[in-house]
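Visitor: Structure provided below as structure tokens; questions to follow.
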Amino acid sequence: MENYRFSFRIYPIDNSENPNDVYNLVISKIDNEWETSIFLLTKNSTPINGKLFSSIEKVYQSAGLPNGIMARTISGFAETTYYHCTNTGKCKTTGRCDMCKLCVTTRVEFIVINDPEEDDDLSFQDPIFNYNGGGSGAVTNNPSPSTTPCEKANSVLESKPSFKTKVQGLGSPANLALSHEKAVLNFENEATPTEIQGNANNPSVGIPLNPVNKYISIAHNHPDIPPGTLSVFSIADLLTVAVLLDKNKIDASQFVAYLPTKKGTQYAFTIENKDKLLDFFFYSTKGSFANVNPSDTNKYYASKDIFRPIYEKYYKPSNPLRKIKETDTDNENVLKEFLNFMEEADLGITLLESTDNFESFKTVTKNGNNTPTRQNCP
């Protein structure tokens, strides 16, 4: 007879868990029969008589294994302590008896733990004004097909002068002195670009995620927002593009993102390999494992394993040693770290730099000495 018991910490997907509630999924095999149970453990605010929990209640039970629960686990060995007291100073079973007449037995058990999902400070919401992406008029001012990153960056601006003017305006002293972001959206089949901005309560600009027409380009700025201005694209900027790619709201072969910042930098990026960008952000674009198709389970966790350490290393706000900071005043150092980030994440994008208000561009790559190298666009 073989008996096994595996315990998982689980979390309600609707975030209904109270602060003192702990849900444990217990999978047991007894006499070759599997059983699945969920227990609700209610914590004491402070341990009472050595007890961490005031109650333990079984809230669910079924025969068999839960579907897909073993797709991904973190496992290890742990020493478990069992207390049994006879109040006589003698133990009923093996173990040692202490001076308080408490019998203690320890044994090593194999425990499987599934670590909780994290949103990693990244989330997206459609804008509250229900922006619908504009009308569907005649094909107007769409850029001609381009091949190189330089051609894409120039073609998007030259094909629609009104968009170029507004992109350049994002980098004006007045707009970069604001305490909220501004953005200009360039859609297929729409002659007039759309302007949106953040506000005092939410300085980040909310990019519409479900427009009627696909994006040709998105431009936004990084103005003077405390605690400082990020001189390169943020992780949220890149994730927004990945979300739009996932929703098929971007033509990756032509899309360009533009960014002027308060620190005097002006960048753009193009997508050279959309699959790489989507693979890196797959974990984040899905938001929760509940949104993942069973066939994509391995892809989800592979993306998670790659994304989380890289995000923490370069961007995570709670990491004081992160490489890319809003408070770093050395633009060249931040650029170097952004290029390192691009390489480690294998994003499949090309970075371009402009020093003359988006009139011309240079491609930016990393050389053998781990420093940025510029190459003039033809």
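Residues in the structure tokens are named by chain (A, B, ... in the order shown) and by number from 1 within that chain; ligands are numbered from 1 in the order shown.
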Using DSSP on the backbone coordinates, identify the residues of region 144-363 of chain A assigned to alpha helix (DSSP H); present them as a PDB file with N, CA and C atoms, in the first residue's frame.

Guide:
ATOM      1  N   PRO A 149      14.444  48.983 -40.748  1.00  0.00           N
ATOM      2  CA  PRO A 149      13.963  49.825 -39.651  1.00  0.00           C
ATOM      3  C   PRO A 149      14.040  51.310 -39.974  1.00  0.00           C
ATOM      4  N   CYS A 150      15.114  51.726 -40.629  1.00  0.00           N
ATOM      5  CA  CYS A 150      15.256  53.142 -40.987  1.00  0.00           C
ATOM      6  C   CYS A 150      14.145  53.579 -41.939  1.00  0.00           C
ATOM      7  N   GLU A 151      13.871  52.749 -42.943  1.00  0.00           N
ATOM      8  CA  GLU A 151      12.816  53.082 -43.900  1.00  0.00           C
ATOM      9  C   GLU A 151      11.459  53.152 -43.222  1.00  0.00           C
ATOM     10  N   LYS A 152      11.206  52.249 -42.304  1.00  0.00           N
ATOM     11  CA  LYS A 152       9.928  52.255 -41.586  1.00  0.00           C
ATOM     12  C   LYS A 152       9.771  53.538 -40.777  1.00  0.00           C
ATOM     13  N   ALA A 153      10.796  53.882 -40.002  1.00  0.00           N
ATOM     14  CA  ALA A 153      10.717  55.058 -39.124  1.00  0.00           C
ATOM     15  C   ALA A 153      10.487  56.329 -39.915  1.00  0.00           C
ATOM     16  N   ASN A 154      11.151  56.460 -41.042  1.00  0.00           N
ATOM     17  CA  ASN A 154      10.982  57.653 -41.879  1.00  0.00           C
ATOM     18  C   ASN A 154       9.663  57.638 -42.645  1.00  0.00           C
ATOM     19  N   SER A 155       9.288  56.481 -43.166  1.00  0.00           N
ATOM     20  CA  SER A 155       8.096  56.376 -44.005  1.00  0.00           C
ATOM     21  C   SER A 155       6.826  56.716 -43.219  1.00  0.00           C
ATOM     22  N   VAL A 156       6.730  56.236 -41.993  1.00  0.00           N
ATOM     23  CA  VAL A 156       5.540  56.506 -41.188  1.00  0.00           C
ATOM     24  C   VAL A 156       5.353  58.003 -40.986  1.00  0.00           C
ATOM     25  N   LEU A 157       6.431  58.714 -40.723  1.00  0.00           N
ATOM     26  CA  LEU A 157       6.338  60.159 -40.482  1.00  0.00           C
ATOM     27  C   LEU A 157       6.081  60.933 -41.775  1.00  0.00           C
ATOM     28  N   GLU A 158       6.757  60.537 -42.840  1.00  0.00           N
ATOM     29  CA  GLU A 158       6.622  61.284 -44.093  1.00  0.00           C
ATOM     30  C   GLU A 158       5.271  61.045 -44.775  1.00  0.00           C
ATOM     31  N   SER A 159       4.652  59.894 -44.527  1.00  0.00           N
ATOM     32  CA  SER A 159       3.383  59.589 -45.193  1.00  0.00           C
ATOM     33  C   SER A 159       2.220  60.377 -44.609  1.00  0.00           C
ATOM     34  N   PRO A 161       2.095  63.983 -42.704  1.00  0.00           N
ATOM     35  CA  PRO A 161       2.749  65.157 -42.097  1.00  0.00           C
ATOM     36  C   PRO A 161       2.075  65.629 -40.810  1.00  0.00           C
ATOM     37  N   SER A 162       0.758  65.490 -40.736  1.00  0.00           N
ATOM     38  CA  SER A 162       0.071  65.932 -39.515  1.00  0.00           C
ATOM     39  C   SER A 162       0.491  65.091 -38.311  1.00  0.00           C
ATOM     40  N   PHE A 163       0.737  63.814 -38.553  1.00  0.00           N
ATOM     41  CA  PHE A 163       1.206  62.942 -37.469  1.00  0.00           C
ATOM     42  C   PHE A 163       2.621  63.329 -37.058  1.00  0.00           C
ATOM     43  N   LYS A 164       3.476  63.567 -38.039  1.00  0.00           N
ATOM     44  CA  LYS A 164       4.855  63.952 -37.739  1.00  0.00           C
ATOM     45  C   LYS A 164       4.896  65.228 -36.912  1.00  0.00           C
ATOM     46  N   THR A 165       4.073  66.197 -37.264  1.00  0.00           N
ATOM     47  CA  THR A 165       4.045  67.467 -36.522  1.00  0.00           C
ATOM     48  C   THR A 165       3.660  67.232 -35.074  1.00  0.00           C
ATOM     49  N   LYS A 166       2.682  66.365 -34.862  1.00  0.00           N
ATOM     50  CA  LYS A 166       2.226  66.107 -33.496  1.00  0.00           C
ATOM     51  C   LYS A 166       3.254  65.293 -32.705  1.00  0.00           C
ATOM     52  N   VAL A 167       3.946  64.386 -33.383  1.00  0.00           N
ATOM     53  CA  VAL A 167       5.015  63.630 -32.715  1.00  0.00           C
ATOM     54  C   VAL A 167       6.110  64.586 -32.261  1.00  0.00           C
ATOM     55  N   GLN A 168       6.493  65.502 -33.139  1.00  0.00           N
ATOM     56  CA  GLN A 168       7.509  66.487 -32.759  1.00  0.00           C
ATOM     57  C   GLN A 168       7.015  67.369 -31.617  1.00  0.00           C
ATOM     58  N   GLY A 169       5.709  67.672 -31.611  1.00  0.00           N
ATOM     59  CA  GLY A 169       5.144  68.490 -30.539  1.00  0.00           C
ATOM     60  C   GLY A 169       5.184  67.822 -29.183  1.00  0.00           C
ATOM     61  N   LEU A 170       5.167  66.482 -29.152  1.00  0.00           N
ATOM     62  CA  LEU A 170       5.243  65.767 -27.874  1.00  0.00           C
ATOM     63  C   LEU A 170       6.539  66.083 -27.142  1.00  0.00           C
ATOM     64  N   PRO A 173       9.102  71.762 -24.995  1.00  0.00           N
ATOM     65  CA  PRO A 173       9.314  72.052 -23.571  1.00  0.00           C
ATOM     66  C   PRO A 173       8.011  72.097 -22.779  1.00  0.00           C
ATOM     67  N   ALA A 174       6.955  72.636 -23.380  1.00  0.00           N
ATOM     68  CA  ALA A 174       5.676  72.735 -22.670  1.00  0.00           C
ATOM     69  C   ALA A 174       5.105  71.354 -22.367  1.00  0.00           C
ATOM     70  N   ASN A 175       5.123  70.453 -23.335  1.00  0.00           N
ATOM     71  CA  ASN A 175       4.566  69.119 -23.116  1.00  0.00           C
ATOM     72  C   ASN A 175       5.439  68.267 -22.198  1.00  0.00           C
ATOM     73  N   LEU A 176       6.745  68.489 -22.242  1.00  0.00           N
ATOM     74  CA  LEU A 176       7.627  67.714 -21.369  1.00  0.00           C
ATOM     75  C   LEU A 176       7.674  68.268 -19.956  1.00  0.00           C
ATOM     76  N   ILE A 235       8.958  49.186 -19.501  1.00  0.00           N
ATOM     77  CA  ILE A 235       8.468  47.824 -19.714  1.00  0.00           C
ATOM     78  C   ILE A 235       6.990  47.853 -20.069  1.00  0.00           C
ATOM     79  N   ALA A 236       6.238  48.808 -19.506  1.00  0.00           N
ATOM     80  CA  ALA A 236       4.814  48.920 -19.822  1.00  0.00           C
ATOM     81  C   ALA A 236       4.601  49.377 -21.262  1.00  0.00           C
ATOM     82  N   ASP A 237       5.477  50.246 -21.767  1.00  0.00           N
ATOM     83  CA  ASP A 237       5.397  50.660 -23.175  1.00  0.00           C
ATOM     84  C   ASP A 237       5.507  49.438 -24.094  1.00  0.00           C
ATOM     85  N   LEU A 238       6.483  48.601 -23.812  1.00  0.00           N
ATOM     86  CA  LEU A 238       6.724  47.427 -24.642  1.00  0.00           C
ATOM     87  C   LEU A 238       5.602  46.401 -24.497  1.00  0.00           C
ATOM     88  N   LEU A 239       5.129  46.236 -23.265  1.00  0.00           N
ATOM     89  CA  LEU A 239       4.049  45.283 -23.034  1.00  0.00           C
ATOM     90  C   LEU A 239       2.766  45.718 -23.726  1.00  0.00           C
ATOM     91  N   THR A 240       2.501  47.027 -23.766  1.00  0.00           N
ATOM     92  CA  THR A 240       1.324  47.526 -24.480  1.00  0.00           C
ATOM     93  C   THR A 240       1.366  47.105 -25.948  1.00  0.00           C
ATOM     94  N   VAL A 241       2.542  47.243 -26.566  1.00  0.00           N
ATOM     95  CA  VAL A 241       2.688  46.842 -27.966  1.00  0.00           C
ATOM     96  C   VAL A 241       2.476  45.331 -28.106  1.00  0.00           C
ATOM     97  N   ALA A 242       2.982  44.554 -27.145  1.00  0.00           N
ATOM     98  CA  ALA A 242       2.794  43.103 -27.199  1.00  0.00           C
ATOM     99  C   ALA A 242       1.309  42.735 -27.080  1.00  0.00           C
ATOM    100  N   VAL A 243       0.599  43.438 -26.204  1.00  0.00           N
ATOM    101  CA  VAL A 243      -0.841  43.185 -26.049  1.00  0.00           C
ATOM    102  C   VAL A 243      -1.570  43.477 -27.356  1.00  0.00           C
ATOM    103  N   LEU A 244      -1.230  44.599 -27.988  1.00  0.00           N
ATOM    104  CA  LEU A 244      -1.867  44.961 -29.255  1.00  0.00           C
ATOM    105  C   LEU A 244      -1.516  43.960 -30.361  1.00  0.00           C
ATOM    106  N   LEU A 245      -0.291  43.471 -30.356  1.00  0.00           N
ATOM    107  CA  LEU A 245       0.099  42.425 -31.301  1.00  0.00           C
ATOM    108  C   LEU A 245      -0.738  41.171 -31.084  1.00  0.00           C
ATOM    109  N   ASP A 246      -0.886  40.807 -29.818  1.00  0.00           N
ATOM    110  CA  ASP A 246      -1.653  39.615 -29.471  1.00  0.00           C
ATOM    111  C   ASP A 246      -3.108  39.753 -29.905  1.00  0.00           C
ATOM    112  N   LYS A 274       8.105  39.519 -34.617  1.00  0.00           N
ATOM    113  CA  LYS A 274       6.976  39.644 -33.696  1.00  0.00           C
ATOM    114  C   LYS A 274       6.836  38.412 -32.801  1.00  0.00           C
ATOM    115  N   ASP A 275       7.251  37.236 -33.293  1.00  0.00           N
ATOM    116  CA  ASP A 275       7.131  36.029 -32.474  1.00  0.00           C
ATOM    117  C   ASP A 275       8.005  36.115 -31.228  1.00  0.00           C
ATOM    118  N   LYS A 276       9.199  36.706 -31.371  1.00  0.00           N
ATOM    119  CA  LYS A 276      10.078  36.852 -30.206  1.00  0.00           C
ATOM    120  C   LYS A 276       9.463  37.792 -29.173  1.00  0.00           C
ATOM    121  N   LEU A 277       8.900  38.897 -29.643  1.00  0.00           N
ATOM    122  CA  LEU A 277       8.278  39.853 -28.724  1.00  0.00           C
ATOM    123  C   LEU A 277       7.091  39.215 -28.014  1.00  0.00           C
ATOM    124  N   LEU A 278       6.267  38.482 -28.753  1.00  0.00           N
ATOM    125  CA  LEU A 278       5.097  37.831 -28.161  1.00  0.00           C
ATOM    126  C   LEU A 278       5.510  36.714 -27.212  1.00  0.00           C
ATOM    127  N   ASP A 279       6.551  35.975 -27.529  1.00  0.00           N
ATOM    128  CA  ASP A 279       6.995  34.888 -26.655  1.00  0.00           C
ATOM    129  C   ASP A 279       7.483  35.430 -25.318  1.00  0.00           C
ATOM    130  N   PHE A 280       8.265  36.515 -25.351  1.00  0.00           N
ATOM    131  CA  PHE A 280       8.790  37.063 -24.102  1.00  0.00           C
ATOM    132  C   PHE A 280       7.660  37.556 -23.207  1.00  0.00           C
ATOM    133  N   PHE A 281       6.654  38.214 -23.788  1.00  0.00           N
ATOM    134  CA  PHE A 281       5.576  38.790 -22.998  1.00  0.00           C
ATOM    135  C   PHE A 281       4.349  37.873 -22.894  1.00  0.00           C
ATOM    136  N   PHE A 282       4.443  36.633 -23.350  1.00  0.00           N
ATOM    137  CA  PHE A 282       3.268  35.755 -23.360  1.00  0.00           C
ATOM    138  C   PHE A 282       2.669  35.622 -21.962  1.00  0.00           C
ATOM    139  N   TYR A 283       3.500  35.407 -20.975  1.00  0.00           N
ATOM    140  CA  TYR A 283       3.041  35.282 -19.579  1.00  0.00           C
ATOM    141  C   TYR A 283       2.283  36.523 -19.134  1.00  0.00           C
ATOM    142  N   SER A 284       2.783  37.700 -19.499  1.00  0.00           N
ATOM    143  CA  SER A 284       2.171  38.953 -19.054  1.00  0.00           C
ATOM    144  C   SER A 284       0.918  39.297 -19.846  1.00  0.00           C
ATOM    145  N   THR A 285       0.910  39.026 -21.140  1.00  0.00           N
ATOM    146  CA  THR A 285      -0.262  39.384 -21.937  1.00  0.00           C
ATOM    147  C   THR A 285      -1.469  38.543 -21.545  1.00  0.00           C
ATOM    148  N   LYS A 286      -1.260  37.340 -21.057  1.00  0.00           N
ATOM    149  CA  LYS A 286      -2.388  36.495 -20.660  1.00  0.00           C
ATOM    150  C   LYS A 286      -2.957  36.913 -19.309  1.00  0.00           C
ATOM    151  N   THR A 297       0.136  25.704 -22.144  1.00  0.00           N
ATOM    152  CA  THR A 297       0.599  25.676 -20.756  1.00  0.00           C
ATOM    153  C   THR A 297       2.120  25.780 -20.659  1.00  0.00           C
ATOM    154  N   ASN A 298       2.826  24.957 -21.413  1.00  0.00           N
ATOM    155  CA  ASN A 298       4.291  24.985 -21.356  1.00  0.00           C
ATOM    156  C   ASN A 298       4.838  26.317 -21.845  1.00  0.00           C
ATOM    157  N   LYS A 299       4.211  26.877 -22.864  1.00  0.00           N
ATOM    158  CA  LYS A 299       4.643  28.170 -23.391  1.00  0.00           C
ATOM    159  C   LYS A 299       4.462  29.259 -22.340  1.00  0.00           C
ATOM    160  N   TYR A 300       3.361  29.202 -21.608  1.00  0.00           N
ATOM    161  CA  TYR A 300       3.070  30.190 -20.563  1.00  0.00           C
ATOM    162  C   TYR A 300       4.154  30.167 -19.489  1.00  0.00           C
ATOM    163  N   TYR A 301       4.475  28.979 -19.011  1.00  0.00           N
ATOM    164  CA  TYR A 301       5.464  28.900 -17.931  1.00  0.00           C
ATOM    165  C   TYR A 301       6.881  29.139 -18.432  1.00  0.00           C
ATOM    166  N   ALA A 302       7.167  28.806 -19.680  1.00  0.00           N
ATOM    167  CA  ALA A 302       8.477  29.141 -20.240  1.00  0.00           C
ATOM    168  C   ALA A 302       8.638  30.648 -20.319  1.00  0.00           C
ATOM    169  N   SER A 303       7.581  31.343 -20.740  1.00  0.00           N
ATOM    170  CA  SER A 303       7.617  32.805 -20.794  1.00  0.00           C
ATOM    171  C   SER A 303       7.771  33.396 -19.402  1.00  0.00           C
ATOM    172  N   LYS A 304       7.066  32.825 -18.452  1.00  0.00           N
ATOM    173  CA  LYS A 304       7.141  33.310 -17.072  1.00  0.00           C
ATOM    174  C   LYS A 304       8.558  33.160 -16.516  1.00  0.00           C
ATOM    175  N   ASP A 305       9.172  31.998 -16.767  1.00  0.00           N
ATOM    176  CA  ASP A 305      10.525  31.750 -16.269  1.00  0.00           C
ATOM    177  C   ASP A 305      11.538  32.723 -16.839  1.00  0.00           C
ATOM    178  N   ILE A 306      11.324  33.133 -18.087  1.00  0.00           N
ATOM    179  CA  ILE A 306      12.233  34.088 -18.722  1.00  0.00           C
ATOM    180  C   ILE A 306      11.914  35.510 -18.294  1.00  0.00           C
ATOM    181  N   PHE A 307      10.621  35.862 -18.293  1.00  0.00           N
ATOM    182  CA  PHE A 307      10.217  37.243 -18.054  1.00  0.00           C
ATOM    183  C   PHE A 307      10.536  37.725 -16.646  1.00  0.00           C
ATOM    184  N   ARG A 308      10.154  36.968 -15.636  1.00  0.00           N
ATOM    185  CA  ARG A 308      10.208  37.483 -14.262  1.00  0.00           C
ATOM    186  C   ARG A 308      11.608  37.874 -13.798  1.00  0.00           C
ATOM    187  N   PRO A 309      12.639  37.033 -13.984  1.00  0.00           N
ATOM    188  CA  PRO A 309      13.975  37.469 -13.537  1.00  0.00           C
ATOM    189  C   PRO A 309      14.523  38.647 -14.335  1.00  0.00           C
ATOM    190  N   ILE A 310      14.219  38.704 -15.642  1.00  0.00           N
ATOM    191  CA  ILE A 310      14.705  39.826 -16.449  1.00  0.00           C
ATOM    192  C   ILE A 310      13.995  41.109 -16.052  1.00  0.00           C
ATOM    193  N   TYR A 311      12.686  41.032 -15.848  1.00  0.00           N
ATOM    194  CA  TYR A 311      11.924  42.199 -15.392  1.00  0.00           C
ATOM    195  C   TYR A 311      12.445  42.700 -14.055  1.00  0.00           C
ATOM    196  N   GLU A 312      12.691  41.791 -13.128  1.00  0.00           N
ATOM    197  CA  GLU A 312      13.190  42.200 -11.811  1.00  0.00           C
ATOM    198  C   GLU A 312      14.575  42.821 -11.923  1.00  0.00           C
ATOM    199  N   LYS A 313      15.417  42.275 -12.757  1.00  0.00           N
ATOM    200  CA  LYS A 313      16.787  42.767 -12.906  1.00  0.00           C
ATOM    201  C   LYS A 313      16.825  44.183 -13.474  1.00  0.00           C
ATOM    202  N   TYR A 314      15.954  44.469 -14.448  1.00  0.00           N
ATOM    203  CA  TYR A 314      16.062  45.746 -15.160  1.00  0.00           C
ATOM    204  C   TYR A 314      15.011  46.785 -14.761  1.00  0.00           C
ATOM    205  N   ASN A 331      22.156  59.266 -19.205  1.00  0.00           N
ATOM    206  CA  ASN A 331      21.365  58.710 -20.306  1.00  0.00           C
ATOM    207  C   ASN A 331      22.099  57.613 -21.064  1.00  0.00           C
ATOM    208  N   GLU A 332      23.404  57.745 -21.197  1.00  0.00           N
ATOM    209  CA  GLU A 332      24.175  56.738 -21.937  1.00  0.00           C
ATOM    210  C   GLU A 332      24.205  55.412 -21.183  1.00  0.00           C
ATOM    211  N   ASN A 333      24.288  55.493 -19.866  1.00  0.00           N
ATOM    212  CA  ASN A 333      24.266  54.273 -19.056  1.00  0.00           C
ATOM    213  C   ASN A 333      22.906  53.591 -19.144  1.00  0.00           C
ATOM    214  N   VAL A 334      21.832  54.378 -19.090  1.00  0.00           N
ATOM    215  CA  VAL A 334      20.484  53.812 -19.196  1.00  0.00           C
ATOM    216  C   VAL A 334      20.299  53.179 -20.571  1.00  0.00           C
ATOM    217  N   LEU A 335      20.804  53.837 -21.610  1.00  0.00           N
ATOM    218  CA  LEU A 335      20.720  53.280 -22.959  1.00  0.00           C
ATOM    219  C   LEU A 335      21.473  51.955 -23.033  1.00  0.00           C
ATOM    220  N   LYS A 336      22.656  51.906 -22.447  1.00  0.00           N
ATOM    221  CA  LYS A 336      23.434  50.667 -22.437  1.00  0.00           C
ATOM    222  C   LYS A 336      22.645  49.542 -21.771  1.00  0.00           C
ATOM    223  N   GLU A 337      22.011  49.843 -20.633  1.00  0.00           N
ATOM    224  CA  GLU A 337      21.256  48.814 -19.926  1.00  0.00           C
ATOM    225  C   GLU A 337      19.998  48.412 -20.704  1.00  0.00           C
ATOM    226  N   PHE A 338      19.409  49.357 -21.417  1.00  0.00           N
ATOM    227  CA  PHE A 338      18.240  49.017 -22.232  1.00  0.00           C
ATOM    228  C   PHE A 338      18.647  48.073 -23.361  1.00  0.00           C
ATOM    229  N   LEU A 339      19.794  48.305 -23.960  1.00  0.00           N
ATOM    230  CA  LEU A 339      20.298  47.406 -24.996  1.00  0.00           C
ATOM    231  C   LEU A 339      20.612  46.028 -24.414  1.00  0.00           C
ATOM    232  N   ASN A 340      21.153  45.991 -23.191  1.00  0.00           N
ATOM    233  CA  ASN A 340      21.384  44.709 -22.516  1.00  0.00           C
ATOM    234  C   ASN A 340      20.060  43.984 -22.281  1.00  0.00           C
ATOM    235  N   PHE A 341      19.063  44.742 -21.850  1.00  0.00           N
ATOM    236  CA  PHE A 341      17.725  44.180 -21.634  1.00  0.00           C
ATOM    237  C   PHE A 341      17.169  43.603 -22.940  1.00  0.00           C
ATOM    238  N   MET A 342      17.269  44.369 -24.026  1.00  0.00           N
ATOM    239  CA  MET A 342      16.789  43.888 -25.320  1.00  0.00           C
ATOM    240  C   MET A 342      17.462  42.568 -25.702  1.00  0.00           C
ATOM    241  N   GLU A 343      18.755  42.475 -25.431  1.00  0.00           N
ATOM    242  CA  GLU A 343      19.501  41.274 -25.798  1.00  0.00           C
ATOM    243  C   GLU A 343      19.095  40.085 -24.928  1.00  0.00           C
ATOM    244  N   GLU A 344      19.013  40.294 -23.607  1.00  0.00           N
ATOM    245  CA  GLU A 344      18.662  39.187 -22.710  1.00  0.00           C
ATOM    246  C   GLU A 344      17.243  38.699 -22.957  1.00  0.00           C
ATOM    247  N   ALA A 345      16.325  39.640 -23.217  1.00  0.00           N
ATOM    248  CA  ALA A 345      14.935  39.266 -23.452  1.00  0.00           C
ATOM    249  C   ALA A 345      14.720  38.742 -24.865  1.00  0.00           C
TER     250      ALA A 345
END

Visitor: Do you know which residues are at most 9 Å from Asp328 (chain A) counting only C-alpha atoms, after dropping those on the same chain fewer than 2 positions away, and could you put them as number ranges by chain?

Guide: A: 228-231, 324-326, 330-331, 333-334

Visitor: Would you kindly return, as a list in words, each protein, DNA or RNA residue with an atom no farther than 8 Å from any atom of Cys377 (chain A), considering only C-alpha atoms and excluding same-chain residues fewer than 2 positions away?

Guide: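 Contacts, with the query itself left out: Cys150, Ser360, Phe361, Lys362, Thr363 and Gln375 of chain A.
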
Visitor: Compare A:Leu25, A:Val184, A:Ile218, A:Val212 by their minimum atom-to-atom distance to Ser37 (chain A), counting only C-alpha atoms, and give me the closest one.

Guide: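 Of the candidates, the smallest distance to Ser37 (chain A) is held by A:Leu25.
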
Visitor: Check the smallest atom-to-atom distance from each of A:Val59, A:Ile30, A:Ile349, A:Ala290 to Ala268 (chain A) using only C-alpha atoms, then report the winner.

Guide: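 Answer, going by the shortest atom-to-atom distance: A:Ile349.
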
Visitor: How many Å separate CA of Asn369 (chain A) from CA of Val232 (chain A)?

Guide: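 Computing the Euclidean distance for CA of Asn369 (chain A) and CA of Val232 (chain A) yields 20.6 Å.
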
Visitor: Using only C-alpha atoms, can you tell me which of A:Asn367, A:Thr147, A:Ser45, A:Thr355 comes closest to Ile271 (chain A)?

Guide: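 The answer is A:Thr147, which sits nearest to Ile271 (chain A).
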